[in-house]
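What follows is a short report on a single structure.
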Amino acid sequence: MSKPPHAVVLGTAGHIDHGKTTLVRALTGIDTDRLPEEKRRGITIELGFAPWRIDDELEASIVDVPGHEGFVRTMVAGAGGIDAVILVVSGEDGVMPQTREHINVCRLLGVGAGVVALTKVDRLGGDPDAIELAADDVRSALVGTPFASAPIVPCSAVTGEGLDALRDAVVAAIRPLPRRDAAGPVILPLDRVFSIKGHGTVVTGTLLSGSVDLRNDEDFVLVPQGDRAPRPLRARAAQVRAEGRDRVLAGNRLALNLAGLERDDVERGDVVTRGPAVAQQSFVHARLFHLPGHGATWRSGTTLELCAGTAHCSAVLDPLWVFPDPTAEPSDDREVSVSPGREALVRLRLSTPLPMWSGQRVVVRAFAEPGGDWSGRTVGGGVVIDPQPSSGRAQRPRWIALGRALAGADGSARVGALIEDAGVVGIDRDQLVRRSGMRDVTAELARRTGKGGDAVQLSGHTLVHDRWLRPLVDQVIAIVDRFHAANPLQAGIGRAALESAMGAKIGREVAATAVDRAIARGALRVIDDQGGVARPGKGLQRGGELPGHMKTILALYAQRGITPPTLREVADGTSLSAREVLEMVTSLQRMGKLVRISGELSLDRDTHDDLVGKIRGHLRQSGTIDVQALKQLTGLSRKFAVPLLEHLDELQVTLRRGDTRVPGPKLDA
């Protein structure tokens, strides 16, 4: 099978009325201004899209963005998925405010490949000096940006002058670009949502990562912005550049026809995904760059507009740590400020939950305020390094340490930092994938949990760093020692009670593993079928001599046979307190000398086994038993018969069918 064409998303950028849409029409033959308002006003308001098939090996989708300052948010939504940019600058007007802002947006979104189209040169009357001056103006504006060495091509969409040279320059810029990761998680931020009669809801976006394969009937998840809950979805059909496709790779503009969703169920800013990479979040940690000369210093409580993917909301910044010069000493000071030209680790509190993922590029803009020098302008941006950070008080040192590790390029180091940071709570595999940004952690986890590794794989895909688990084993042993000291007449402590005594902040699976390790070490012994434990040589043991009061209690139960005493009756017959009776009866149950029937009733072991054997024989012969039959078989009153049948249900000797019991799966066990 032939290799699919290299798919590239190409964006336009530039000031309003510099000819972006006209240029796209000249290159592709498609008018991207589709709305009546756009036709009437002669400007682009919404994102426009045009396919451009270059050759059999290379095809591009052009995203035409608005140039008006009032629609920069829409521009960012379109630029978030582009691989390269055509920066459109009018030779007649030169570099304008929105030109500079669009350059900054592309820079912050990590777009480094581009070509400058110096348009409207037909209006310069063919004067080469005027064209050269205009080109110099552009070149000076690009100094210090990723486009400093981008080719500048004079052209005119009206006369056709320079269009062939522009095409050649664009193709030369995009052909070497690497393909997007088609093996990664599916990430499709939605930029348009509409309905087609007879087909239902259709969504479009740029497939940033992964592949959509409808041949496998794969299910996806819609991760929405706002308070709507994520929901599974299925795609009926997919299109790329108006052509139906069964399989679509990352890097393509994609339209999906969704099944089971109404138009109002989906919004621009939602994300279609598969796997754990994208999640709805209200807090994220990001590495943000404050553009030089752009706005006031960022401090704790600074509120900006966050543009993430195709979504946006307000966000409150809490600067955690400013990335220093290589020669500077790191500082974890609480009072952190980020002046223009500096880069920092920041915690963002979002006004509404947004779909977020590790490595996501974001832009922050100042809110429109009267008299503000940078009101309504882009002031910075960067990359999300932790889309699911921990919460709580006094966490700043922890956030800084982990954030600095997650900002590094080494995926193995990021995974290790996350496992260690999780402490005694542990971290599951999905969280590791989501927060590390690694698409597959299988090999890394195999190395870390194998011989000589530093992590332990628990049940349920939870991992914990070995250095956190070792002291927990000592804690378990100490808890059991204290229990024996306080309860000398108990056989030992129940498993659930022991794990709870370790504290609510310790993950359930982590606590269970610590107990298992103490047992494997020989520091604890199992005392009953429920997993209760005791220290070796401590606690009452099955074959050991019973204290006098315990002998008395056991004899009382044996004497009463199938009509055992209640706990209160035992207390009355022994002059023991209710607490002492409960402790001793519980110990006898753990030692297997008594069998618990209900909270109030127990039978001595011999009586219980004889009674259950008699009932098993009745079931084999007649096939059913109920309360009346049990009373006739044993002479028990209803007071004892009902809890005994419920006990048999728990043992799976019987199964309840209405008021009747039938043989259970363990009838002959």
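Here's how to read the names in the structure tokens: chain A, B, ... by the order shown, residue numbers from 1 in each chain, ligand numbers from 1 in the order shown.
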
Using only C-alpha atoms, find each residue of range 407-506 of chain A with at least one atom at most 10 Å away from an atom of range 579-594 of chain A; report its shortest atom-to-atom pair and that distance in Å (one decimal), sort the rows by chain and rising residue number, and return the result as a Markdown table.
| residue | atom | partner | partner_atom | distance |
| --- | --- | --- | --- | --- |
| A:Asn487 | CA | A:Glu583 | CA | 8.1 |
| A:Pro488 | CA | A:Glu583 | CA | 9.7 |
| A:Leu489 | CA | A:Met584 | CA | 6.5 |
| A:Gln490 | CA | A:Ser587 | CA | 5.0 |
| A:Ala491 | CA | A:Ser587 | CA | 5.0 |
| A:Gly492 | CA | A:Ser587 | CA | 7.5 |
| A:Ile493 | CA | A:Ser587 | CA | 9.4 |
| A:Gly494 | CA | A:Arg590 | CA | 9.0 |

Selection to disk with N, CA and C atoms, as an mmCIF file, in the first residue's frame:
data_model
loop_
_atom_site.group_PDB
_atom_site.id
_atom_site.type_symbol
_atom_site.label_atom_id
_atom_site.label_comp_id
_atom_site.auth_asym_id
_atom_site.auth_seq_id
_atom_site.Cartn_x
_atom_site.Cartn_y
_atom_site.Cartn_z
ATOM 1 N N ASN A 487 -4.705 -4.809 73.441
ATOM 2 C CA ASN A 487 -5.733 -5.857 73.366
ATOM 3 C C ASN A 487 -5.089 -7.228 73.565
ATOM 4 N N PRO A 488 -4.620 -7.531 74.751
ATOM 5 C CA PRO A 488 -3.896 -8.794 74.973
ATOM 6 C C PRO A 488 -4.758 -10.039 74.783
ATOM 7 N N LEU A 489 -6.085 -9.890 74.846
ATOM 8 C CA LEU A 489 -6.957 -11.058 74.692
ATOM 9 C C LEU A 489 -7.463 -11.241 73.268
ATOM 10 N N GLN A 490 -6.967 -10.424 72.345
ATOM 11 C CA GLN A 490 -7.375 -10.552 70.943
ATOM 12 C C GLN A 490 -6.366 -11.410 70.198
ATOM 13 N N ALA A 491 -6.860 -12.178 69.254
ATOM 14 C CA ALA A 491 -5.954 -13.001 68.443
ATOM 15 C C ALA A 491 -5.093 -12.136 67.537
ATOM 16 N N GLY A 492 -5.618 -11.002 67.103
ATOM 17 C CA GLY A 492 -4.885 -10.113 66.204
ATOM 18 C C GLY A 492 -5.809 -9.034 65.691
ATOM 19 N N ILE A 493 -5.342 -8.267 64.747
ATOM 20 C CA ILE A 493 -6.106 -7.152 64.199
ATOM 21 C C ILE A 493 -6.599 -7.499 62.799
ATOM 22 N N GLY A 494 -7.825 -7.086 62.487
ATOM 23 C CA GLY A 494 -8.377 -7.330 61.170
ATOM 24 C C GLY A 494 -7.631 -6.561 60.090
#

Residue set, range 57-208 of chain A restricted to alpha helix (DSSP H), as a VMD selection string: chain A and resid 72 to 79 97 to 108 128 to 141 163 to 174

Exercise: range 255-262 of chain A partners within 10 Å, only C-alpha atoms, chain neighbours under 6 positions left out, as a PyMOL selection string: chain A and resi 190+192-196+199-207+212+231-245+272

Take the selection from the previous step and output its residues with N, CA and C atoms, as an mmCIF file, in the first residue's frame.
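Written file, part-v5.cif:
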data_model
loop_
_atom_site.group_PDB
_atom_site.id
_atom_site.type_symbol
_atom_site.label_atom_id
_atom_site.label_comp_id
_atom_site.auth_asym_id
_atom_site.auth_seq_id
_atom_site.Cartn_x
_atom_site.Cartn_y
_atom_site.Cartn_z
ATOM 1 N N LEU A 190 -11.992 21.132 18.382
ATOM 2 C CA LEU A 190 -13.040 21.472 17.424
ATOM 3 C C LEU A 190 -13.102 22.981 17.207
ATOM 4 N N ARG A 192 -15.227 24.179 14.433
ATOM 5 C CA ARG A 192 -16.544 24.446 13.838
ATOM 6 C C ARG A 192 -17.497 23.319 14.205
ATOM 7 N N VAL A 193 -18.749 23.686 14.439
ATOM 8 C CA VAL A 193 -19.801 22.709 14.722
ATOM 9 C C VAL A 193 -21.039 23.149 13.959
ATOM 10 N N PHE A 194 -21.631 22.239 13.189
ATOM 11 C CA PHE A 194 -22.840 22.589 12.438
ATOM 12 C C PHE A 194 -23.634 21.323 12.157
ATOM 13 N N SER A 195 -24.821 21.489 11.609
ATOM 14 C CA SER A 195 -25.691 20.364 11.271
ATOM 15 C C SER A 195 -25.934 20.333 9.776
ATOM 16 N N ILE A 196 -26.037 19.137 9.235
ATOM 17 C CA ILE A 196 -26.396 18.933 7.836
ATOM 18 C C ILE A 196 -27.668 18.087 7.807
ATOM 19 N N HIS A 199 -27.994 14.202 7.907
ATOM 20 C CA HIS A 199 -26.751 13.605 8.400
ATOM 21 C C HIS A 199 -26.530 13.872 9.878
ATOM 22 N N GLY A 200 -27.024 14.988 10.370
ATOM 23 C CA GLY A 200 -26.856 15.292 11.783
ATOM 24 C C GLY A 200 -25.679 16.204 12.043
ATOM 25 N N THR A 201 -25.056 16.022 13.202
ATOM 26 C CA THR A 201 -24.023 16.927 13.679
ATOM 27 C C THR A 201 -22.681 16.642 13.019
ATOM 28 N N VAL A 202 -22.031 17.718 12.568
ATOM 29 C CA VAL A 202 -20.709 17.622 11.953
ATOM 30 C C VAL A 202 -19.767 18.561 12.703
ATOM 31 N N VAL A 203 -18.561 18.080 12.986
ATOM 32 C CA VAL A 203 -17.544 18.902 13.648
ATOM 33 C C VAL A 203 -16.286 18.898 12.789
ATOM 34 N N THR A 204 -15.513 19.976 12.885
ATOM 35 C CA THR A 204 -14.256 20.042 12.152
ATOM 36 C C THR A 204 -13.153 20.524 13.080
ATOM 37 N N GLY A 205 -11.932 20.184 12.708
ATOM 38 C CA GLY A 205 -10.766 20.631 13.455
ATOM 39 C C GLY A 205 -9.510 20.106 12.803
ATOM 40 N N THR A 206 -8.385 20.473 13.346
ATOM 41 C CA THR A 206 -7.099 19.971 12.883
ATOM 42 C C THR A 206 -6.690 18.815 13.782
ATOM 43 N N LEU A 207 -6.459 17.645 13.198
ATOM 44 C CA LEU A 207 -6.061 16.471 13.966
ATOM 45 C C LEU A 207 -4.595 16.642 14.373
ATOM 46 N N VAL A 212 -7.475 8.625 13.119
ATOM 47 C CA VAL A 212 -8.887 8.255 13.212
ATOM 48 C C VAL A 212 -9.134 7.161 12.182
ATOM 49 N N ARG A 231 -18.275 12.568 27.436
ATOM 50 C CA ARG A 231 -19.202 11.528 27.008
ATOM 51 C C ARG A 231 -18.622 10.752 25.831
ATOM 52 N N PRO A 232 -18.923 9.460 25.756
ATOM 53 C CA PRO A 232 -18.439 8.675 24.616
ATOM 54 C C PRO A 232 -19.171 9.080 23.347
ATOM 55 N N LEU A 233 -18.520 8.906 22.216
ATOM 56 C CA LEU A 233 -19.172 9.206 20.942
ATOM 57 C C LEU A 233 -18.636 8.282 19.871
ATOM 58 N N ARG A 234 -19.374 8.229 18.788
ATOM 59 C CA ARG A 234 -18.997 7.405 17.641
ATOM 60 C C ARG A 234 -19.137 8.235 16.382
ATOM 61 N N ALA A 235 -18.227 8.054 15.452
ATOM 62 C CA ALA A 235 -18.243 8.802 14.196
ATOM 63 C C ALA A 235 -18.829 7.931 13.083
ATOM 64 N N ARG A 236 -19.812 8.507 12.361
ATOM 65 C CA ARG A 236 -20.391 7.794 11.216
ATOM 66 C C ARG A 236 -19.468 7.857 10.003
ATOM 67 N N ALA A 237 -18.882 9.040 9.780
ATOM 68 C CA ALA A 237 -18.093 9.247 8.573
ATOM 69 C C ALA A 237 -17.052 10.322 8.830
ATOM 70 N N ALA A 238 -16.005 10.317 8.008
ATOM 71 C CA ALA A 238 -14.939 11.307 8.104
ATOM 72 C C ALA A 238 -14.623 11.840 6.715
ATOM 73 N N GLN A 239 -14.279 13.117 6.655
ATOM 74 C CA GLN A 239 -13.886 13.729 5.395
ATOM 75 C C GLN A 239 -12.622 14.559 5.589
ATOM 76 N N VAL A 240 -11.773 14.540 4.560
ATOM 77 C CA VAL A 240 -10.600 15.397 4.485
ATOM 78 C C VAL A 240 -10.642 16.101 3.143
ATOM 79 N N ARG A 241 -10.655 17.424 3.181
ATOM 80 C CA ARG A 241 -10.742 18.222 1.953
ATOM 81 C C ARG A 241 -11.914 17.757 1.077
ATOM 82 N N ALA A 242 -13.069 17.557 1.734
ATOM 83 C CA ALA A 242 -14.337 17.206 1.079
ATOM 84 C C ALA A 242 -14.342 15.813 0.485
ATOM 85 N N GLU A 243 -13.351 14.990 0.811
ATOM 86 C CA GLU A 243 -13.305 13.611 0.328
ATOM 87 C C GLU A 243 -13.493 12.661 1.499
ATOM 88 N N GLY A 244 -14.355 11.640 1.323
ATOM 89 C CA GLY A 244 -14.568 10.659 2.372
ATOM 90 C C GLY A 244 -13.312 9.836 2.631
ATOM 91 N N ARG A 245 -13.010 9.606 3.892
ATOM 92 C CA ARG A 245 -11.839 8.807 4.273
ATOM 93 C C ARG A 245 -12.234 7.822 5.370
ATOM 94 N N VAL A 272 -12.281 16.158 20.693
ATOM 95 C CA VAL A 272 -12.540 14.734 20.467
ATOM 96 C C VAL A 272 -11.220 14.005 20.673
#

Compile a residue-level contact table for range 239-308 of chain A against range 340-359 of chain A at a cut-off of 9 Å, reporting for every qualifying residue the shortest atom pair and its distance in Å to one decimal, with only C-alpha atoms counted, rows ordered by chain and ascending number, as a Markdown table.
| residue | atom | partner | partner_atom | distance |
| --- | --- | --- | --- | --- |
| A:Gly269 | CA | A:Pro355 | CA | 8.0 |
| A:Asp270 | CA | A:Pro355 | CA | 6.8 |
| A:Val271 | CA | A:Pro355 | CA | 6.5 |
| A:Ala277 | CA | A:Trp357 | CA | 5.9 |
| A:Val278 | CA | A:Trp357 | CA | 4.9 |
| A:Ala279 | CA | A:Pro355 | CA | 5.4 |
| A:Gln280 | CA | A:Pro355 | CA | 4.5 |
| A:Gln281 | CA | A:Pro353 | CA | 4.9 |
| A:Ser282 | CA | A:Pro353 | CA | 4.5 |
| A:Phe283 | CA | A:Arg349 | CA | 4.8 |
| A:Val284 | CA | A:Leu348 | CA | 5.4 |
| A:His285 | CA | A:Arg347 | CA | 4.6 |
| A:Ala286 | CA | A:Val346 | CA | 5.5 |
| A:Arg287 | CA | A:Leu345 | CA | 4.7 |
| A:Leu288 | CA | A:Ala344 | CA | 5.5 |
| A:Phe289 | CA | A:Glu343 | CA | 4.3 |
| A:His290 | CA | A:Pro340 | CA | 4.9 |
| A:Leu291 | CA | A:Gly341 | CA | 5.3 |
| A:Pro292 | CA | A:Gly341 | CA | 4.0 |
| A:Gly293 | CA | A:Pro340 | CA | 5.7 |
| A:His294 | CA | A:Pro340 | CA | 6.2 |
| A:Gly295 | CA | A:Pro340 | CA | 7.2 |
| A:Ala296 | CA | A:Pro340 | CA | 7.3 |
| A:Thr297 | CA | A:Pro340 | CA | 6.3 |
| A:Trp298 | CA | A:Pro340 | CA | 8.3 |
| A:Leu306 | CA | A:Leu350 | CA | 8.2 |
| A:Ala308 | CA | A:Met356 | CA | 7.7 |

Cut-off 10 Å: closest range 406-472 of chain A/range 383-400 of chain A atom pairs per residue, using only C-alpha atoms, as a tab-separated table:
residue	atom	partner	partner_atom	distance
A:Leu406	CA	A:Ile385	CA	6.0
A:Ala407	CA	A:Ile385	CA	6.0
A:Gly408	CA	A:Ile385	CA	9.2
A:Asp421	CA	A:Arg398	CA	7.7
A:Ala422	CA	A:Ser390	CA	9.0
A:Gln431	CA	A:Gln388	CA	8.1
A:Arg434	CA	A:Pro387	CA	7.4
A:Arg435	CA	A:Asp386	CA	5.4
A:Ser436	CA	A:Asp386	CA	7.6
A:Gly437	CA	A:Ile385	CA	8.2

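With CA of Pro154 in chain A on one side and CA of Leu118 in chain A on the other, the separation reads 4.5 Å.
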
Near-Ala172 in chain A list (12 Å; only C-alpha atoms; drop same-chain fewer than 4 positions) as a ChimeraX atom specification: /A:54,58,84,113-115,150-151,165-168,176-177

Atom pair CA of Ala229 in chain A / CA of Glu267 in chain A: separation (Å): 12.9 Å
